[in-house]
Structures are given as C-alpha cells and as structure tokens.
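Enquirer: Before I ask anything, here is the structure I am working with.
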Amino acid sequence: MVLNSFKLDGKTAIVTGASTGLGQGMATGLAEAGAAIVGVDYVDMPETKEIIESKGGKFIGITANLLSIEPIDKIISKTVETFGRLDILVNNAGIIRRTDAIDFSEKDWDDVMNINVKTVFFFSQAAARQFIKQGSGGKIINIASMLSFQGGIRVPSYTASKSGVMGITRAMANEWAKHGINVNAIAPGYMATNNTAPLRADEKRSADILARIPAGRWGTPDDLKGTVVYLASPASDYVNGYTIAVDGAWLAR
C-alpha cells in the first residue's frame, strides 16, 4: 500500500531549532509518522518533549549553540548512542537580522551566515558521513525561504543565506545521491512564527503580505508536517536536490 511508504517507524531524526514554531511542528510531524526525535536548540525544549511523548513518541533534547559548528559531532554521537542510528536530518535552526542594507553590520552578516549556511553545510556533511557509515542511505531536509527566490527588504544576510541554502542543497544532492542520500529543501512562505513577529506587528506590512497570499492567511507549523514527512520517507526516494515551496501560492502570484 502506498501509505506504507510514508511511515517512519524505526527511523531516527535530528531536528534543529525544535523548541518552538516550524521546528516544533516538523519534529511533531516526524514523530507522528513513527520517527524517534532528537531535538536541538540553544534553549531547553520541554514543550516539544511533552507534545511528542503525549502522542507516544520518543524524544531527547540536546541544548547546543549552532552559531558554531563545534557541537555537531557530539550531537551525532549522542543520537547514535541513544537510538542506535541516524536516518533523517532537518536543518531548521536559523536567525534573521533586520537593518537597511546601507547600515548592515559585519557582525549581523557573519552571525546569520554562520548559522544559516555554514552550520547547515557542516551538519549535513556530518550526517552524510554517518549515513555512509551505516550503509543505509538517509534524508537531509534543509529549510530555505521565500527569500531563496526573492530579494526581500532590510534582510541582506538572510537573503544571501537562504539563497545559499537552496544552492548547497543542489550541490550536496549531486554528490551524495550515489550513496542513497536525498538532500532536499522546504521553502516556507510567510509563517506565523517568532521570526515574523515584527512583520505581523506592522499593520501595513502585514496587510500587504496577506493581500499577496492567495490562500488568504499566514501559514502555521502544521502546514509543514506533510511536506517534511514526505521528504523524510521512502515516498520521496527519487526526489533529490529540489526545493519545495509551502507558501499558500505566494510565489505563483
């Protein structure tokens, strides 16, 4: 039955940025499909743990600052030590800094690029090495953005980083497909999360955004559940190097 190809029973997934928002929603979706979840964030994740365990899922949380790549190997080791294997990596952790491009600082540039691109690449590299060691393939899912396709306003480093995510997703897929590793990305549209709180608080900007979304609403973390489960499951075994927009038809407008 085709629905069996969407099941993740016996799989283990690392989800970064899992304490709230999109990361929490995707971690919950993967757990509902049967995966054990390793959540990673710079803060504790009691709410995510409670949500997943209340549904009968398995969850451990690892507190780590992904502005540096230093924690990555320890996270992989802890995952394998706890659950015996790694099958799925969701690179969701990211930050955004808003300032006019003419005034943008080097620190804001470096901080955003470090976590949004550098860490994504080196976490993917570490996961791929574990997949190859296991000999069973694996799934890497990066979180891109509408600004992987567009320029944006007052977010130059975020735009550069998310364009970079889409590019390295293709590059890694090209090299690692031969190992049975799928590398894809999800580009969320305008979602009601902490990152977009300033936009939603600006009545004019929020109204302008909503006017362009054919679906007529901001997205929610639940809107990503189906896509992340698809990309993490055998159902997507021949999908590689692609970025799927989940945007209420924003890009189609």
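Residues in the structure tokens are numbered from 1 in each chain, the chains being A, B, ... in the order shown, and ligands are numbered from 1 in the order shown.
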Would you mind listing what lies within 10 Å of Gly39 of chain A as a PDB file with N, CA and C atoms, in the first residue's frame, with only C-alpha atoms counted and same-chain residues fewer than 5 positions away left out?
Expert:
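Result saved to around.pdb:
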ATOM      1  N   ALA A  13      15.410  10.885  13.701  1.00  0.00           N
ATOM      2  CA  ALA A  13      15.554  12.189  13.063  1.00  0.00           C
ATOM      3  C   ALA A  13      16.132  13.211  14.031  1.00  0.00           C
ATOM      4  N   ILE A  14      17.094  13.985  13.561  1.00  0.00           N
ATOM      5  CA  ILE A  14      17.549  15.181  14.267  1.00  0.00           C
ATOM      6  C   ILE A  14      16.826  16.372  13.664  1.00  0.00           C
ATOM      7  N   VAL A  15      16.239  17.199  14.524  1.00  0.00           N
ATOM      8  CA  VAL A  15      15.581  18.431  14.082  1.00  0.00           C
ATOM      9  C   VAL A  15      16.195  19.583  14.853  1.00  0.00           C
ATOM     10  N   THR A  16      16.855  20.507  14.160  1.00  0.00           N
ATOM     11  CA  THR A  16      17.433  21.667  14.844  1.00  0.00           C
ATOM     12  C   THR A  16      16.395  22.783  14.944  1.00  0.00           C
ATOM     13  N   GLY A  17      16.573  23.620  15.963  1.00  0.00           N
ATOM     14  CA  GLY A  17      15.595  24.679  16.191  1.00  0.00           C
ATOM     15  C   GLY A  17      14.237  24.124  16.557  1.00  0.00           C
ATOM     16  N   ALA A  18      14.214  23.115  17.440  1.00  0.00           N
ATOM     17  CA  ALA A  18      12.990  22.347  17.692  1.00  0.00           C
ATOM     18  C   ALA A  18      12.170  22.842  18.870  1.00  0.00           C
ATOM     19  N   SER A  19      12.562  23.953  19.496  1.00  0.00           N
ATOM     20  CA  SER A  19      11.865  24.366  20.713  1.00  0.00           C
ATOM     21  C   SER A  19      10.493  24.979  20.449  1.00  0.00           C
ATOM     22  N   GLY A  23      10.169  24.360  13.670  1.00  0.00           N
ATOM     23  CA  GLY A  23      10.941  23.204  14.111  1.00  0.00           C
ATOM     24  C   GLY A  23      10.119  22.281  14.990  1.00  0.00           C
ATOM     25  N   GLN A  24       9.367  22.853  15.901  1.00  0.00           N
ATOM     26  CA  GLN A  24       8.499  22.050  16.759  1.00  0.00           C
ATOM     27  C   GLN A  24       7.437  21.332  15.937  1.00  0.00           C
ATOM     28  N   ALA A  27       9.141  18.489  13.939  1.00  0.00           N
ATOM     29  CA  ALA A  27       9.517  17.400  14.843  1.00  0.00           C
ATOM     30  C   ALA A  27       8.290  16.585  15.236  1.00  0.00           C
ATOM     31  N   ASP A  44      16.215  24.865  26.373  1.00  0.00           N
ATOM     32  CA  ASP A  44      15.537  23.597  26.627  1.00  0.00           C
ATOM     33  C   ASP A  44      14.240  23.519  25.827  1.00  0.00           C
ATOM     34  N   MET A  45      13.739  22.300  25.630  1.00  0.00           N
ATOM     35  CA  MET A  45      12.569  22.074  24.775  1.00  0.00           C
ATOM     36  C   MET A  45      11.471  21.279  25.484  1.00  0.00           C
ATOM     37  N   THR A  48       8.115  20.802  23.413  1.00  0.00           N
ATOM     38  CA  THR A  48       8.228  19.854  22.304  1.00  0.00           C
ATOM     39  C   THR A  48       8.272  18.426  22.834  1.00  0.00           C
ATOM     40  N   LYS A  49       9.029  18.225  23.886  1.00  0.00           N
ATOM     41  CA  LYS A  49       9.121  16.900  24.514  1.00  0.00           C
ATOM     42  C   LYS A  49       7.744  16.415  24.972  1.00  0.00           C
ATOM     43  N   PHE A  59      11.553  11.139  22.367  1.00  0.00           N
ATOM     44  CA  PHE A  59      12.209  12.433  22.190  1.00  0.00           C
ATOM     45  C   PHE A  59      13.337  12.611  23.198  1.00  0.00           C
ATOM     46  N   ILE A  60      14.478  13.090  22.717  1.00  0.00           N
ATOM     47  CA  ILE A  60      15.503  13.611  23.608  1.00  0.00           C
ATOM     48  C   ILE A  60      15.887  15.002  23.115  1.00  0.00           C
ATOM     49  N   GLY A  61      16.214  15.863  24.045  1.00  0.00           N
ATOM     50  CA  GLY A  61      16.625  17.212  23.700  1.00  0.00           C
ATOM     51  C   GLY A  61      18.102  17.417  23.971  1.00  0.00           C
ATOM     52  N   ILE A  62      18.773  18.111  23.071  1.00  0.00           N
ATOM     53  CA  ILE A  62      20.181  18.459  23.239  1.00  0.00           C
ATOM     54  C   ILE A  62      20.295  19.975  23.121  1.00  0.00           C
ATOM     55  N   THR A  63      20.816  20.600  24.165  1.00  0.00           N
ATOM     56  CA  THR A  63      20.996  22.051  24.149  1.00  0.00           C
ATOM     57  C   THR A  63      22.358  22.370  23.544  1.00  0.00           C
ATOM     58  N   ILE A  75      26.551  15.933  18.864  1.00  0.00           N
ATOM     59  CA  ILE A  75      25.117  15.689  18.662  1.00  0.00           C
ATOM     60  C   ILE A  75      24.899  14.393  17.881  1.00  0.00           C
ATOM     61  N   THR A  79      23.100  11.001  19.400  1.00  0.00           N
ATOM     62  CA  THR A  79      21.952  10.436  18.687  1.00  0.00           C
ATOM     63  C   THR A  79      22.146   8.943  18.450  1.00  0.00           C
ATOM     64  N   VAL A  90      16.964  17.379   9.799  1.00  0.00           N
ATOM     65  CA  VAL A  90      16.225  18.570   9.389  1.00  0.00           C
ATOM     66  C   VAL A  90      16.986  19.796   9.894  1.00  0.00           C
TER      67      VAL A  90
END
Enquirer: If we count only C-alpha atoms and set the cut-off at 12 Å, which residues sit around Val2 of chain A, ignoring sequence neighbours fewer than 4 positions away in its own chain? Please answer as number ranges by chain.
Expert: A: 6-7, 230, 233-236
Enquirer: Pull the alpha helix (DSSP H) assignments for segment 6-247 of chain A out of DSSP run on the backbone, and list those residues as number ranges by chain.
Expert: A: 21-32, 46-54, 72-83, 106-113, 119-134, 156-176, 197-201, 203-212, 225-232
Enquirer: How would the residues just picked look written out with C-alpha atoms as a short mmCIF file (atom, residue, chain, number, x, y, z; two decimals), in the first residue's frame?
Expert:
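Result saved to result_17.cif:
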data_model
loop_
_atom_site.label_atom_id
_atom_site.label_comp_id
_atom_site.auth_asym_id
_atom_site.auth_seq_id
_atom_site.Cartn_x
_atom_site.Cartn_y
_atom_site.Cartn_z
CA GLY A 21 7.50 27.25 15.71
CA LEU A 22 8.33 25.44 12.49
CA GLY A 23 10.94 23.20 14.11
CA GLN A 24 8.50 22.05 16.76
CA GLY A 25 5.83 21.44 14.14
CA MET A 26 8.14 19.39 11.91
CA ALA A 27 9.52 17.40 14.84
CA THR A 28 5.96 16.58 15.88
CA GLY A 29 5.01 15.55 12.35
CA LEU A 30 8.00 13.23 12.04
CA ALA A 31 7.20 11.70 15.43
CA GLU A 32 3.58 11.17 14.42
CA PRO A 46 10.08 20.91 27.44
CA GLU A 47 7.01 21.79 25.35
CA THR A 48 8.23 19.85 22.30
CA LYS A 49 9.12 16.90 24.51
CA GLU A 50 5.68 16.93 26.13
CA ILE A 51 3.85 17.17 22.80
CA ILE A 52 5.77 14.28 21.25
CA GLU A 53 5.72 11.99 24.30
CA SER A 54 2.00 12.62 24.84
CA ILE A 72 27.83 18.90 15.66
CA ASP A 73 29.92 15.75 16.13
CA LYS A 74 28.75 15.42 19.74
CA ILE A 75 25.12 15.69 18.66
CA ILE A 76 25.58 12.95 16.06
CA SER A 77 27.36 10.74 18.61
CA LYS A 78 24.65 11.25 21.24
CA THR A 79 21.95 10.44 18.69
CA VAL A 80 23.59 7.17 17.64
CA GLU A 81 24.39 6.27 21.25
CA THR A 82 20.74 6.78 22.26
CA PHE A 83 18.82 5.39 19.28
CA GLU A 106 29.65 42.79 9.72
CA LYS A 107 28.58 41.02 12.93
CA ASP A 108 24.97 40.72 11.78
CA TRP A 109 26.22 39.43 8.43
CA ASP A 110 28.54 36.83 9.98
CA ASP A 111 26.11 35.61 12.66
CA VAL A 112 23.35 34.95 10.12
CA MET A 113 25.64 33.34 7.56
CA THR A 119 26.23 25.13 10.13
CA VAL A 120 23.72 23.72 7.63
CA PHE A 121 26.54 22.54 5.38
CA PHE A 122 28.73 21.03 8.09
CA PHE A 123 25.79 19.39 9.91
CA SER A 124 24.76 17.87 6.58
CA GLN A 125 28.32 16.69 5.99
CA ALA A 126 28.44 15.01 9.41
CA ALA A 127 25.06 13.36 8.84
CA ALA A 128 26.10 12.15 5.39
CA ARG A 129 29.23 10.57 6.84
CA GLN A 130 27.06 8.72 9.37
CA PHE A 131 24.63 7.61 6.65
CA ILE A 132 27.52 6.28 4.55
CA LYS A 133 28.99 4.51 7.58
CA GLN A 134 25.63 2.84 8.22
CA PRO A 156 20.53 41.20 3.16
CA SER A 157 22.36 38.47 5.08
CA TYR A 158 19.19 36.39 5.48
CA THR A 159 18.51 36.62 1.75
CA ALA A 160 22.10 35.64 0.96
CA SER A 161 21.97 32.75 3.42
CA LYS A 162 18.68 31.32 2.19
CA SER A 163 19.77 31.62 -1.45
CA GLY A 164 22.87 29.72 -0.34
CA VAL A 165 20.76 27.01 1.29
CA MET A 166 18.99 26.31 -1.99
CA GLY A 167 22.34 26.19 -3.82
CA ILE A 168 24.13 23.84 -1.42
CA THR A 169 21.05 21.61 -1.33
CA ARG A 170 21.56 21.01 -5.06
CA ALA A 171 25.32 20.62 -4.69
CA MET A 172 25.10 18.04 -1.92
CA ALA A 173 22.41 16.10 -3.77
CA ASN A 174 24.68 15.88 -6.81
CA GLU A 175 27.49 14.30 -4.81
CA TRP A 176 25.61 12.14 -2.33
CA ALA A 197 6.50 38.70 14.72
CA PRO A 198 7.82 42.15 13.70
CA LEU A 199 6.16 41.83 10.29
CA ARG A 200 2.83 40.77 11.75
CA ALA A 201 3.01 43.62 14.27
CA GLU A 203 -0.24 46.57 10.29
CA LYS A 204 0.57 47.92 6.84
CA ARG A 205 3.31 45.38 6.09
CA SER A 206 1.14 42.51 7.35
CA ALA A 207 -1.79 43.68 5.22
CA ASP A 208 0.45 43.97 2.15
CA ILE A 209 1.73 40.42 2.69
CA LEU A 210 -1.72 38.93 3.21
CA ALA A 211 -3.02 40.70 0.11
CA ARG A 212 -0.50 38.78 -1.99
CA LYS A 225 4.13 18.45 8.62
CA GLY A 226 3.06 16.68 5.44
CA THR A 227 5.95 18.01 3.36
CA VAL A 228 8.64 17.14 5.90
CA VAL A 229 7.25 13.62 6.37
CA TYR A 230 7.16 13.13 2.60
CA LEU A 231 10.78 14.26 2.16
CA ALA A 232 11.90 12.13 5.13
#
Enquirer: If you measure from atom CA of Ala64 of chain A to atom CA of Asp41 of chain A, what distance in Å do you get, rounded to one decimal?
Expert: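 Separation of atom CA of Ala64 of chain A and atom CA of Asp41 of chain A: 5.7 Å.
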Enquirer: Can you pull out the residues contacting Ala187 of chain A? Cut-off 8 Å, using only C-alpha atoms, and skip same-chain residues under 2 positions away; I want them as a PyMOL selection string.
Expert: chain A and resi 143-146+148+185+189+243-247
Enquirer: As a PyMOL selection string, please: the residues near Val155 of chain A (cut-off 8 Å, only C-alpha atoms, same-chain neighbours under 3 positions excluded).
Expert: chain A and resi 96-101+152+158-159
Enquirer: Taking the chain letters and numbering used in this document, name the residues of segment 57-185 of chain A that DSSP puts in strand (DSSP E or B), as a list in words.
Expert: Phe59, Ile60, Gly61, Ile62, Thr63, Ile88, Leu89, Val90, Asn91, Gly138, Lys139, Ile140, Ile141, Asn142, Ile143, Ile181, Asn182, Val183, Asn184 and Ala185 of chain A
Enquirer: Grab the atom CA of Ile88 of chain A to atom CA of Gly137 of chain A distance for me, in Å with one decimal place.
Expert: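 According to the coordinates, atom CA of Ile88 of chain A and atom CA of Gly137 of chain A are separated by 9.5 Å.
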Enquirer: What is the distance between atom CA of Ala249 of chain A and atom CA of Lys139 of chain A, in Å to one decimal?
Expert: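 Spanning atom CA of Ala249 of chain A to atom CA of Lys139 of chain A is a straight-line distance of 25.9 Å.
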Enquirer: Within 7 Å of Asp9 of chain A, counting only C-alpha atoms, which residues qualify if same-chain residues fewer than 3 places away don't, as a ChimeraX atom specification?
Expert: /A:33-35
Enquirer: Would you put the residues from that selection into a file with C-alpha atoms, as a PDB file, in the first residue's frame?
Expert:
ATOM      1  CA  ALA A  33       4.881   9.244  11.391  1.00  0.00           C
ATOM      2  CA  GLY A  34       6.900   6.968  13.695  1.00  0.00           C
ATOM      3  CA  ALA A  35      10.377   8.532  13.974  1.00  0.00           C
TER       4      ALA A  35
END
